[in-house]
Every structure is written in structure tokens, then in C-alpha cells.
Amino acid sequence: MANTHAPAPDMTDRDRLVRLVFGSMAAQTVRAAVRLRIVELVGDTPRPAADVAADAGAEPQPMTRLLRALAGLGLLREHSFGTFAVAPAGALLDPCRPDSLASFVRMFTDPAIIRAWEHLDDSVRTGDVAFDTVFGTDFFSHLGRQPELSAEFNAAMSQATAETAAALPQAFDFGRFGSVTDVGGGDGTLLAGVLAAFPGLTGVVHDTSEGLAQAPENLRRHGLTERCSLVAGDFFRSVPEGSDLYLMKSILHDWPDDRAVTILRHCRAVLPPGGRVLILEPVLPAVVAAGGDGSTYLSDLNMLVNVGGRERTRRDFEDLCHAAGLSLASVSPLPDAEPFSLLEAVAR
């Protein structure tokens, strides 16, 4: 008789599945590290867990367990039992570092992001945005009603953009343009990186008033106040005229196709002869490649449950551009800022 029992998966497969299931616990462990200021309290030299606990106002034994978990995740190192130092990856949780990801961790482990994920199966069944059902409003309206959360979101987006801002000026010739408008540019982190590398360029950051809240201080800190203006508005109604390059990063993926086309149409409407629209987004392959970490596909699902947008393939971007009166002229990976690509569009 044939064996009707499926063979047990090997340990590698089991380990992969267990790690995936434990992923949300790991994320909340990192969140606790940020909220308790663990990296700041450990500092530059190894410290006993009891001392860290005292400074954090925590109990020594649970603190030791948290620090050992963080060491197990590669964010700390345990030099001897109960004595810990900060590992290079953990140092990114220090909010004082220019490359810090502390706000990014806070935002993407916040209930404002996580709660809708509990209803992913509902969103898959219905296509509806789970966030709207859970919170009674859409994501960006929710942010607009909570200034502290909105500021955290802006800081998280700035931290997520810093790597792209450093890589972009080396990957695209901005010198052939006179003015660039960053559509949905938030606090100006991306445009500041471009303007710093191209002194002859002027710029405009266009976003909602909430999105621009931290931009004046950020531009002042970079010495760009005279070369960059801020224009509050709604890119679903219009974008500012006067630039020959319109730039947007991680904007189209927030929205379903019809709304993404609206944004692109407004850029097309003000595009002068020879002007360009430069889109920075991940580009999904037509077929999922084996061996990746899957983060872009998780981002795609995050768009589904929280805002109703999506990550897209090259063909998807071609269709969006065509519907907006644009042609997709080129698509190229952005070196040193994976998984982002540069998509350059021109008027049809």
C-alpha cells in the first residue's frame, strides 16, 4: 500500500516558518527597545543589565530577559552573563544618529499600522481597506487628527528616505534641469539631498500642511531656505507650476490606480516642453524571484490593508503613465537604495 502520509518538512523549512510566525513578536521587542531607550542607556561601553534597568525604571530580571532577546536578534551583544553592548544594527535605534531608524520603528510597530493587519484576510476577500473599518476613517485623515502621530509619521518617512536621498544625486543628472518640485515631499529630506549635490538647482516641496510641518526646520538645517520654497496643497487638485522636473517618491503606491493617474495627470498638465516626471518606487518583477526577503511584497499588503494602494510592476507603471498622458522612457534600479528604482516619464 502506498504511504499516504506526507513526508515531514526538513528543519530548514520548519525554521523558516517558525521565524515568520515569530516575526510580529520580534517587531514588538524592537519597539520596546525604542520606547525604553535601551540603546541610549547601554551607551558606548558594555553595561550590566541591572544598571540599564535602574536607569530605565524597570525591574532587573525582566530587563535582562529583554536584553538577551535583543542580543538574540543581533541588536545587542552579551559580553558576559548579564552585561551587554550595542551591536552595529542596534545602534540604528539611537535617535541621535543621523541614520537613525528609531521613528521608523515606532511608526511601523504602532497600533495605527498594526491593527489593520489583523484583518488582512478580510481585505483579501473583499478588496476593502481594513484601516477604514477599524478606525472609522482613512489613514491620512486619522493622521491629520493626531498631531503627535502625524509628526512621528513624518519623522519615519524622513528616516526611510535618507538612504534614497544620499543615493539619488549620483544616479540621475539633475544638472540639466533648473527647478524640481518634490510632489508629496514631506519634510524635504529627499529634495535637500538633491539640492545639496546640485548648487544651480532650485526646488519646491509640495505637500499638505501636515506633511510640511517639519520642512522649514529641516531646510534651515541644510542651509536651503533661499533655494527651496514650500507650497501647501492637495496633489489630487493640482501641483505647482514652474518646474521642469517633477519628482515623487513612495507616493503612487499609497493610492489605487485611478487616484495615482490623477496625480500623474496633474504633473503632466504643468510639464513644460522637455520636462520630466521622475518616480521613485519599488518595481515588482513579473514573476516573484526565489530567495528574496519578501519585504516589498509585505509592503504591497501593507498598502492593501492600510491605505488602499499597491506596489506595481513595470507594466503597471506603463499603464498609469499612458492613462495620464505620459510615456515611461526608462526604468533603472537605484544603486545603494534597494528596492527602489528610477522611473523617468515624458509627455506623450
# chains A, B, ... in the order shown; residues from 1 in each chain; ligands from 1

call {"tool": "residues_around", "arguments": {"residues": "stretch 71-75 of chain A", "least_positions_apart": "4", "cutoff": "6 Å", "atoms": "only C-alpha atoms", "output": "ChimeraX atom specification"}}
result
/A:87,89-90

call {"tool": "residues_around", "arguments": {"residues": "A:Leu70", "least_positions_apart": "5", "cutoff": "9 Å", "atoms": "only C-alpha atoms", "output": "list in words"}}
result
Ala26, Thr29, Val30, Ala33, Arg65, Leu75, Leu76, Arg77 and Gly90 of chain A

call {"tool": "select_by_dssp", "arguments": {"residues": "stretch 134-196 of chain A", "states": "strand (DSSP E or B)", "output": "JSON list (two decimals) with N, CA and C atoms, in the first residue's frame"}}
result
[["chain", "number", "residue", "atom", "x", "y", "z"],
["A", 179, "SER", "N", 14.68, 73.68, -12.14],
["A", 179, "SER", "CA", 13.87, 73.64, -10.93],
["A", 179, "SER", "C", 13.20, 72.29, -10.82],
["A", 180, "VAL", "N", 13.11, 71.78, -9.61],
["A", 180, "VAL", "CA", 12.46, 70.50, -9.37],
["A", 180, "VAL", "C", 11.43, 70.65, -8.26],
["A", 181, "THR", "N", 10.25, 70.10, -8.49],
["A", 181, "THR", "CA", 9.20, 70.07, -7.47],
["A", 181, "THR", "C", 9.07, 68.65, -6.95],
["A", 182, "ASP", "N", 9.20, 68.49, -5.65],
["A", 182, "ASP", "CA", 9.04, 67.19, -5.00],
["A", 182, "ASP", "C", 7.58, 67.08, -4.56],
["A", 183, "VAL", "N", 6.81, 66.30, -5.28],
["A", 183, "VAL", "CA", 5.38, 66.15, -5.04],
["A", 183, "VAL", "C", 5.17, 65.17, -3.89]]

call {"tool": "closest_atom_pairs", "arguments": {"of": "stretch 58-164 of chain A", "to": "stretch 197-216 of chain A", "cutoff": "9 Å", "atoms": "only C-alpha atoms", "output": "tab-separated table"}}
result
residue	atom	partner	partner_atom	distance
A:Leu143	CA	A:Glu210	CA	8.6
A:Gly144	CA	A:Glu210	CA	6.7
A:Pro147	CA	A:Glu210	CA	8.1
A:Ser150	CA	A:Glu210	CA	7.2
A:Ala151	CA	A:Gln214	CA	7.8
A:Asn154	CA	A:Gly211	CA	6.7
A:Ala155	CA	A:Gln214	CA	8.4

call {"tool": "closest_residue", "arguments": {"among": "A:Leu101, A:Leu252, A:Ala165, A:Arg16", "to": "A:Gly291", "atoms": "only C-alpha atoms"}}
result
A:Arg16

call {"tool": "residues_around", "arguments": {"residues": "A:Ser80", "least_positions_apart": "3", "cutoff": "12 Å", "atoms": "only C-alpha atoms", "output": "PyMOL selection string"}}
result
chain A and resi 46-49+68+71+77+83-85

call {"tool": "select_by_dssp", "arguments": {"residues": "stretch 250-336 of chain A", "states": "alpha helix (DSSP H)", "output": "ChimeraX atom specification"}}
result
/A:257-270,295-306,314-323

call {"tool": "closest_residue", "arguments": {"among": "A:Ser332, A:Thr45, A:Thr64, A:Leu20", "to": "A:Gly294", "atoms": "only C-alpha atoms"}}
result
A:Leu20

call {"tool": "closest_residue", "arguments": {"among": "A:Thr12, A:Ser238, A:Ser250, A:Asn306", "to": "A:Ala112", "atoms": "only C-alpha atoms"}}
result
A:Asn306

call {"tool": "residues_around", "arguments": {"residues": "A:Leu93", "least_positions_apart": "2", "cutoff": "10 Å", "atoms": "only C-alpha atoms", "output": "MDAnalysis selection string"}}
result
chainID A and resid 30:31 33:34 37:40 75 86 88:91 95:97 99:106
